[in-house]
file upload_10.cif (mmCIF, N, CA, C and O atoms)
data_final
loop_
_atom_site.label_atom_id
_atom_site.label_comp_id
_atom_site.auth_asym_id
_atom_site.auth_seq_id
_atom_site.Cartn_x
_atom_site.Cartn_y
_atom_site.Cartn_z
N GLU A 1254 0.82 -1.20 0.00
CA GLU A 1254 0.00 0.00 0.00
C GLU A 1254 0.86 1.26 0.00
O GLU A 1254 0.58 2.20 -0.72
N GLU A 1255 1.92 1.25 0.80
CA GLU A 1255 2.82 2.40 0.86
C GLU A 1255 3.49 2.65 -0.49
O GLU A 1255 3.64 3.77 -0.92
N ARG A 1256 3.85 1.57 -1.16
CA ARG A 1256 4.50 1.69 -2.46
C ARG A 1256 3.57 2.38 -3.46
O ARG A 1256 3.99 3.20 -4.25
N THR A 1257 2.31 2.05 -3.43
CA THR A 1257 1.34 2.67 -4.31
C THR A 1257 1.26 4.17 -4.05
O THR A 1257 1.21 4.96 -4.99
N ASP A 1258 1.28 4.58 -2.79
CA ASP A 1258 1.23 6.00 -2.45
C ASP A 1258 2.45 6.72 -3.00
O ASP A 1258 2.34 7.80 -3.57
N LYS A 1259 3.64 6.12 -2.83
CA LYS A 1259 4.86 6.73 -3.35
C LYS A 1259 4.82 6.81 -4.86
O LYS A 1259 5.23 7.81 -5.44
N MET A 1260 4.33 5.77 -5.50
CA MET A 1260 4.23 5.77 -6.95
C MET A 1260 3.26 6.86 -7.41
O MET A 1260 3.51 7.55 -8.38
N GLY A 1261 2.17 6.99 -6.69
CA GLY A 1261 1.19 8.03 -7.02
C GLY A 1261 1.77 9.42 -6.88
O GLY A 1261 1.54 10.29 -7.72
N LEU A 1262 2.54 9.63 -5.82
CA LEU A 1262 3.17 10.94 -5.61
C LEU A 1262 4.19 11.23 -6.71
O LEU A 1262 4.27 12.34 -7.21
N LYS A 1263 4.93 10.22 -7.09
CA LYS A 1263 5.94 10.39 -8.13
C LYS A 1263 5.26 10.71 -9.47
O LYS A 1263 5.68 11.60 -10.20
N GLU A 1264 4.20 9.97 -9.76
CA GLU A 1264 3.45 10.20 -10.99
C GLU A 1264 2.85 11.60 -10.99
O GLU A 1264 2.91 12.31 -12.00
N ASP A 1265 2.29 12.00 -9.86
CA ASP A 1265 1.71 13.34 -9.73
C ASP A 1265 2.76 14.41 -9.96
O ASP A 1265 2.52 15.40 -10.64
N TYR A 1266 3.96 14.21 -9.41
CA TYR A 1266 5.05 15.17 -9.60
C TYR A 1266 5.39 15.30 -11.08
O TYR A 1266 5.53 16.40 -11.60
N TYR A 1267 5.53 14.18 -11.76
CA TYR A 1267 5.90 14.23 -13.17
C TYR A 1267 4.82 14.88 -14.03
O TYR A 1267 5.14 15.58 -15.00
N ILE A 1268 3.58 14.68 -13.68
CA ILE A 1268 2.49 15.35 -14.40
C ILE A 1268 2.60 16.86 -14.20
O ILE A 1268 2.55 17.63 -15.15
N ARG A 1269 2.76 17.28 -12.93
CA ARG A 1269 2.88 18.71 -12.65
C ARG A 1269 4.15 19.30 -13.26
O ARG A 1269 4.13 20.39 -13.81
N PHE A 1270 5.26 18.54 -13.20
CA PHE A 1270 6.51 19.02 -13.80
C PHE A 1270 6.34 19.21 -15.30
O PHE A 1270 6.81 20.21 -15.86
N SER A 1271 5.66 18.29 -15.97
CA SER A 1271 5.51 18.40 -17.43
C SER A 1271 4.69 19.63 -17.81
O SER A 1271 4.95 20.27 -18.83
N ILE A 1272 3.72 20.00 -16.98
CA ILE A 1272 2.93 21.21 -17.22
C ILE A 1272 3.81 22.45 -17.09
O ILE A 1272 3.79 23.34 -17.95
N VAL A 1273 4.59 22.50 -16.00
CA VAL A 1273 5.49 23.65 -15.79
C VAL A 1273 6.54 23.69 -16.90
O VAL A 1273 6.80 24.75 -17.48
N LYS A 1274 7.14 22.54 -17.21
CA LYS A 1274 8.18 22.48 -18.24
C LYS A 1274 7.65 23.00 -19.58
O LYS A 1274 8.31 23.79 -20.25
N LYS A 1275 6.46 22.56 -19.98
CA LYS A 1275 5.91 23.00 -21.26
C LYS A 1275 5.70 24.50 -21.27
O LYS A 1275 6.05 25.19 -22.24
N ALA A 1276 5.14 25.05 -20.19
CA ALA A 1276 4.91 26.49 -20.12
C ALA A 1276 6.22 27.27 -20.19
O ALA A 1276 6.33 28.27 -20.90
N ILE A 1277 7.23 26.81 -19.46
CA ILE A 1277 8.52 27.49 -19.44
C ILE A 1277 9.24 27.33 -20.78
O ILE A 1277 9.81 28.31 -21.30
N ASP A 1278 9.21 26.15 -21.36
CA ASP A 1278 9.84 25.96 -22.67
C ASP A 1278 9.16 26.82 -23.73
O ASP A 1278 9.83 27.39 -24.60
N ASP A 1279 7.85 26.93 -23.68
CA ASP A 1279 7.12 27.79 -24.62
C ASP A 1279 7.49 29.26 -24.41
O ASP A 1279 7.59 30.03 -25.36
N PHE A 1280 7.68 29.64 -23.16
CA PHE A 1280 8.06 31.01 -22.80
C PHE A 1280 9.47 31.31 -23.34
O PHE A 1280 9.71 32.38 -23.90
N ASP A 1281 10.39 30.39 -23.16
CA ASP A 1281 11.77 30.48 -23.65
C ASP A 1281 12.34 31.89 -23.45
O ASP A 1281 12.72 32.56 -24.41
N PRO A 1282 12.43 32.35 -22.20
CA PRO A 1282 12.80 33.74 -21.94
C PRO A 1282 14.20 34.14 -22.39
O PRO A 1282 14.46 35.31 -22.62
N MET A 1283 15.08 33.17 -22.57
CA MET A 1283 16.44 33.49 -22.99
C MET A 1283 16.66 33.20 -24.49
O MET A 1283 17.76 33.31 -24.99
N ASN A 1284 15.57 32.86 -25.19
CA ASN A 1284 15.64 32.54 -26.62
C ASN A 1284 16.70 31.49 -26.94
O ASN A 1284 17.50 31.65 -27.86
N LEU A 1285 16.70 30.42 -26.16
CA LEU A 1285 17.69 29.35 -26.33
C LEU A 1285 17.16 28.17 -27.12
O LEU A 1285 17.93 27.40 -27.68
N LEU A 1286 15.85 27.99 -27.12
CA LEU A 1286 15.25 26.85 -27.81
C LEU A 1286 14.86 27.26 -29.23
O LEU A 1286 14.52 28.41 -29.46
N PRO A 1287 14.90 26.41 -30.21
CA PRO A 1287 15.15 24.97 -30.15
C PRO A 1287 16.63 24.60 -30.29
O PRO A 1287 16.95 23.42 -30.38
N HIS A 1288 17.54 25.57 -30.29
CA HIS A 1288 18.96 25.28 -30.52
C HIS A 1288 19.62 24.60 -29.32
O HIS A 1288 20.56 23.84 -29.49
N ALA A 1289 19.16 24.89 -28.12
CA ALA A 1289 19.72 24.29 -26.91
C ALA A 1289 19.09 22.91 -26.68
O ALA A 1289 18.07 22.58 -27.29
N PRO A 1290 19.67 22.11 -25.79
CA PRO A 1290 19.05 20.81 -25.46
C PRO A 1290 17.64 20.99 -24.92
O PRO A 1290 17.33 22.02 -24.32
N SER A 1291 16.80 19.98 -25.09
CA SER A 1291 15.40 20.08 -24.67
C SER A 1291 15.25 20.21 -23.16
O SER A 1291 14.21 20.64 -22.67
N ASP A 1292 16.30 19.88 -22.41
CA ASP A 1292 16.23 20.01 -20.95
C ASP A 1292 16.85 21.32 -20.45
O ASP A 1292 17.12 21.48 -19.27
N GLU A 1293 17.04 22.28 -21.34
CA GLU A 1293 17.71 23.54 -21.01
C GLU A 1293 17.12 24.23 -19.78
O GLU A 1293 17.84 24.74 -18.94
N TYR A 1294 15.80 24.26 -19.68
CA TYR A 1294 15.15 24.96 -18.57
C TYR A 1294 14.62 24.02 -17.49
O TYR A 1294 13.85 24.45 -16.63
N ASP A 1295 15.01 22.76 -17.51
CA ASP A 1295 14.47 21.79 -16.55
C ASP A 1295 14.81 22.16 -15.10
O ASP A 1295 13.98 21.99 -14.21
N MET A 1296 16.00 22.68 -14.85
CA MET A 1296 16.38 23.07 -13.49
C MET A 1296 15.48 24.20 -13.00
O MET A 1296 14.97 24.16 -11.88
N GLU A 1297 15.25 25.18 -13.87
CA GLU A 1297 14.37 26.29 -13.50
C GLU A 1297 12.94 25.81 -13.32
O GLU A 1297 12.26 26.24 -12.38
N SER A 1298 12.49 24.92 -14.20
CA SER A 1298 11.12 24.39 -14.07
C SER A 1298 10.94 23.66 -12.74
O SER A 1298 9.92 23.83 -12.08
N ALA A 1299 11.94 22.87 -12.34
CA ALA A 1299 11.87 22.15 -11.06
C ALA A 1299 11.85 23.13 -9.89
O ALA A 1299 11.11 22.94 -8.92
N LYS A 1300 12.65 24.18 -9.96
CA LYS A 1300 12.68 25.18 -8.89
C LYS A 1300 11.34 25.91 -8.79
O LYS A 1300 10.86 26.20 -7.70
N ILE A 1301 10.76 26.22 -9.93
CA ILE A 1301 9.45 26.89 -9.96
C ILE A 1301 8.40 25.97 -9.35
O ILE A 1301 7.64 26.39 -8.47
N LEU A 1302 8.36 24.73 -9.81
CA LEU A 1302 7.38 23.77 -9.29
C LEU A 1302 7.50 23.61 -7.78
O LEU A 1302 6.48 23.56 -7.08
N ALA A 1303 8.71 23.56 -7.26
CA ALA A 1303 8.93 23.37 -5.82
C ALA A 1303 8.36 24.51 -4.99
O ALA A 1303 8.05 24.32 -3.82
N GLN A 1304 8.20 25.67 -5.60
CA GLN A 1304 7.72 26.84 -4.86
C GLN A 1304 6.22 27.10 -5.01
O GLN A 1304 5.65 27.94 -4.33
N ILE A 1305 5.59 26.37 -5.90
CA ILE A 1305 4.15 26.58 -6.15
C ILE A 1305 3.33 25.77 -5.16
O ILE A 1305 3.58 24.59 -4.96
N SER A 1306 2.37 26.41 -4.55
CA SER A 1306 1.44 25.72 -3.67
C SER A 1306 0.03 25.88 -4.23
O SER A 1306 -0.20 26.68 -5.14
N THR A 1307 -0.90 25.13 -3.68
CA THR A 1307 -2.27 25.15 -4.21
C THR A 1307 -2.95 26.50 -4.04
O THR A 1307 -3.88 26.80 -4.77
N ASN A 1308 -2.48 27.32 -3.11
CA ASN A 1308 -3.13 28.61 -2.91
C ASN A 1308 -2.41 29.76 -3.62
O ASN A 1308 -2.73 30.92 -3.40
N CYS A 1309 -1.46 29.43 -4.50
CA CYS A 1309 -0.77 30.46 -5.28
C CYS A 1309 -1.72 31.07 -6.31
O CYS A 1309 -2.45 30.35 -6.99
N THR A 1310 -1.65 32.37 -6.44
CA THR A 1310 -2.39 33.06 -7.50
C THR A 1310 -1.52 33.09 -8.75
O THR A 1310 -0.33 32.75 -8.70
N ILE A 1311 -2.09 33.54 -9.85
CA ILE A 1311 -1.31 33.69 -11.08
C ILE A 1311 -0.17 34.68 -10.86
O ILE A 1311 0.95 34.45 -11.31
N VAL A 1312 -0.44 35.76 -10.15
CA VAL A 1312 0.62 36.74 -9.86
C VAL A 1312 1.71 36.11 -8.99
O VAL A 1312 2.90 36.33 -9.23
N ASP A 1313 1.32 35.31 -8.01
CA ASP A 1313 2.32 34.61 -7.17
C ASP A 1313 3.23 33.74 -8.04
O ASP A 1313 4.45 33.74 -7.86
N ILE A 1314 2.63 33.01 -8.97
CA ILE A 1314 3.41 32.14 -9.84
C ILE A 1314 4.32 32.97 -10.75
O ILE A 1314 5.48 32.63 -10.97
N ALA A 1315 3.80 34.08 -11.27
CA ALA A 1315 4.62 34.97 -12.10
C ALA A 1315 5.82 35.49 -11.31
O ALA A 1315 6.94 35.56 -11.84
N ILE A 1316 5.61 35.83 -10.06
CA ILE A 1316 6.71 36.31 -9.20
C ILE A 1316 7.74 35.20 -9.00
O ILE A 1316 8.95 35.45 -9.03
N ILE A 1317 7.27 33.98 -8.80
CA ILE A 1317 8.18 32.83 -8.65
C ILE A 1317 9.02 32.68 -9.93
O ILE A 1317 10.24 32.50 -9.86
N ILE A 1318 8.38 32.76 -11.08
CA ILE A 1318 9.10 32.65 -12.36
C ILE A 1318 10.16 33.75 -12.47
O ILE A 1318 11.31 33.48 -12.82
N VAL A 1319 9.77 34.98 -12.15
CA VAL A 1319 10.71 36.11 -12.20
C VAL A 1319 11.91 35.85 -11.29
O VAL A 1319 13.07 36.01 -11.70
N ASN A 1320 11.64 35.44 -10.06
CA ASN A 1320 12.72 35.21 -9.11
C ASN A 1320 13.67 34.10 -9.55
O ASN A 1320 14.89 34.24 -9.46
N VAL A 1321 13.11 33.01 -10.03
CA VAL A 1321 13.94 31.88 -10.47
C VAL A 1321 14.80 32.28 -11.67
O VAL A 1321 16.01 32.04 -11.69
N PHE A 1322 14.20 32.90 -12.67
CA PHE A 1322 14.97 33.25 -13.87
C PHE A 1322 15.94 34.40 -13.62
O PHE A 1322 17.03 34.42 -14.18
N SER A 1323 15.56 35.34 -12.78
CA SER A 1323 16.48 36.44 -12.46
C SER A 1323 17.72 35.91 -11.76
O SER A 1323 18.84 36.36 -12.01
N THR A 1324 17.54 34.91 -10.90
CA THR A 1324 18.67 34.29 -10.20
C THR A 1324 19.50 33.43 -11.14
O THR A 1324 20.72 33.51 -11.15
N SER A 1325 18.84 32.63 -11.95
CA SER A 1325 19.56 31.69 -12.83
C SER A 1325 20.36 32.39 -13.92
O SER A 1325 21.44 31.94 -14.29
N PHE A 1326 19.82 33.47 -14.46
CA PHE A 1326 20.43 34.09 -15.63
C PHE A 1326 20.94 35.51 -15.39
O PHE A 1326 21.35 36.18 -16.33
N SER A 1327 20.87 35.98 -14.16
CA SER A 1327 21.34 37.33 -13.83
C SER A 1327 20.75 38.38 -14.76
O SER A 1327 21.45 39.28 -15.23
N GLU A 1328 19.50 38.23 -15.04
CA GLU A 1328 18.76 39.18 -15.88
C GLU A 1328 17.61 39.72 -15.03
O GLU A 1328 17.17 39.10 -14.09
N ASN A 1329 17.12 40.88 -15.41
CA ASN A 1329 15.96 41.46 -14.70
C ASN A 1329 14.70 41.14 -15.48
O ASN A 1329 14.46 41.72 -16.54
N PHE A 1330 13.94 40.21 -14.96
CA PHE A 1330 12.66 39.86 -15.57
C PHE A 1330 11.55 40.64 -14.89
O PHE A 1330 11.66 40.99 -13.72
N LYS A 1331 10.48 40.92 -15.62
CA LYS A 1331 9.35 41.66 -15.07
C LYS A 1331 8.15 40.72 -14.89
O LYS A 1331 7.90 39.85 -15.72
N VAL A 1332 7.42 40.95 -13.81
CA VAL A 1332 6.25 40.12 -13.50
C VAL A 1332 5.26 40.17 -14.67
O VAL A 1332 4.74 39.12 -15.08
N ILE A 1333 5.03 41.32 -15.22
CA ILE A 1333 4.05 41.46 -16.31
C ILE A 1333 4.40 40.56 -17.50
O ILE A 1333 3.53 40.04 -18.18
N ASP A 1334 5.70 40.35 -17.72
CA ASP A 1334 6.13 39.51 -18.83
C ASP A 1334 5.95 38.02 -18.56
O ASP A 1334 6.07 37.20 -19.47
N CYS A 1335 5.68 37.69 -17.31
CA CYS A 1335 5.55 36.28 -16.92
C CYS A 1335 4.10 35.87 -16.62
O CYS A 1335 3.85 34.70 -16.33
N ILE A 1336 3.18 36.79 -16.71
CA ILE A 1336 1.78 36.50 -16.38
C ILE A 1336 1.19 35.44 -17.32
O ILE A 1336 0.56 34.48 -16.85
N ALA A 1337 1.40 35.58 -18.62
CA ALA A 1337 0.82 34.62 -19.57
C ALA A 1337 1.36 33.21 -19.32
O ALA A 1337 0.62 32.23 -19.40
N THR A 1338 2.64 33.12 -18.98
CA THR A 1338 3.24 31.82 -18.67
C THR A 1338 2.66 31.27 -17.38
O THR A 1338 2.33 30.09 -17.29
N ALA A 1339 2.51 32.12 -16.39
CA ALA A 1339 1.95 31.70 -15.09
C ALA A 1339 0.53 31.18 -15.28
O ALA A 1339 0.12 30.21 -14.62
N GLU A 1340 -0.24 31.78 -16.17
CA GLU A 1340 -1.61 31.33 -16.43
C GLU A 1340 -1.65 29.90 -16.97
O GLU A 1340 -2.57 29.16 -16.72
N LYS A 1341 -0.62 29.50 -17.70
CA LYS A 1341 -0.56 28.15 -18.27
C LYS A 1341 -0.24 27.11 -17.20
O LYS A 1341 -0.50 25.93 -17.38
N ILE A 1342 0.32 27.59 -16.09
CA ILE A 1342 0.71 26.68 -15.00
C ILE A 1342 -0.44 26.56 -14.02
O ILE A 1342 -0.79 25.53 -13.56
#
call {"tool": "encode", "arguments": {"input": "upload_10.cif", "output": "structure tokens"}}
result
Amino acid sequence: EERTDKMGLKEDYYIRFSIVKKAIDDFDPMNLLPHAPSDEYDMESAKILAQISTNCTIVDIAIIIVNVFSTSFSENFKVIDCIATAEKI
């Protein structure tokens, strides 16, 4: 029974990760895709997913995206530019 719960949690994580990954890859804020490897933003997607909770608003998610990408790439991202991506998540 415990194994099923762990498997369910793992499956749930991968489903949620794939949603975040698709939104972030579509956003492609550094214009790296399709020339970069398909996992180019996977680290950022995982960091974003780890910070999202069920009570996050779209603006909260946009702020998370801004913070993660600003840290990863030393660029200044704006919340307004991340709203459409946050809506997809």
call {"tool": "resolve_selection", "arguments": {"input": "upload_10.cif", "expression": "the PyMOL selection byres (((chain A and resi 1329-1336 and name CA) around 6) and name CA)", "output": "JSON, numbers by chain"}}
result
{"A": [1315, 1316, 1319, 1323, 1328, 1337, 1338, 1339]}
call {"tool": "atom_distance", "arguments": {"input": "upload_10.cif", "atom1": "CA of Lys1300 (chain A)", "atom2": "atom C of Ser1271 (chain A)"}}
result
13.2 Å
call {"tool": "closest_residue", "arguments": {"input": "upload_10.cif", "among": "A:Thr1324, A:Asn1284, A:Ser1306, A:Ser1298", "to": "Phe1270 (chain A)", "atoms": "only C-alpha atoms"}}
result
A:Ser1298
call {"tool": "atom_distance", "arguments": {"input": "upload_10.cif", "atom1": "atom N of Asp1292 (chain A)", "atom2": "atom O of Lys1274 (chain A)"}}
result
9.2 Å
call {"tool": "closest_residue", "arguments": {"input": "upload_10.cif", "among": "A:Ser1327, A:Glu1340, A:Asp1281, A:Glu1297", "to": "Cys1309 (chain A)", "atoms": "only C-alpha atoms"}}
result
A:Glu1340
call {"tool": "atom_distance", "arguments": {"input": "upload_10.cif", "atom1": "CA of Asp1265 (chain A)", "atom2": "CA of Pro1287 (chain A)"}}
result
27.1 Å
call {"tool": "select_by_dssp", "arguments": {"input": "upload_10.cif", "residues": "chain A", "states": "alpha helix (DSSP H)", "output": "MDAnalysis selection string"}}
result
chainID A and resid 1255:1280 1295:1304 1311:1326 1332:1341
call {"tool": "axis_aligned_box", "arguments": {"input": "upload_10.cif", "around": "region 1299-1306 of chain A", "padding_each_side": "6 Å", "output": "lines of an AutoDock Vina configuration file"}}
result
center_x = 6.2
center_y = 25.0
center_z = -8.0
size_x = 24.9
size_y = 17.8
size_z = 20.7
call {"tool": "resolve_selection", "arguments": {"input": "upload_10.cif", "expression": "the PyMOL selection byres ((chain A and resi 1273) around 8)", "output": "list in words"}}
result
Tyr1266, Tyr1267, Ile1268, Arg1269, Phe1270, Ser1271, Ile1272, Lys1274, Lys1275, Ala1276, Ile1277, Asp1278, Asp1279, Phe1280, Tyr1294, Glu1297, Ser1298, Ala1299, Ile1301, Leu1302, Thr1338, Lys1341 and Ile1342 of chain A
call {"tool": "closest_residue", "arguments": {"input": "upload_10.cif", "among": "A:Met1283, A:Ala1289, A:Ile1318, A:Met1260", "to": "Ala1303 (chain A)", "atoms": "only C-alpha atoms"}}
result
A:Ile1318
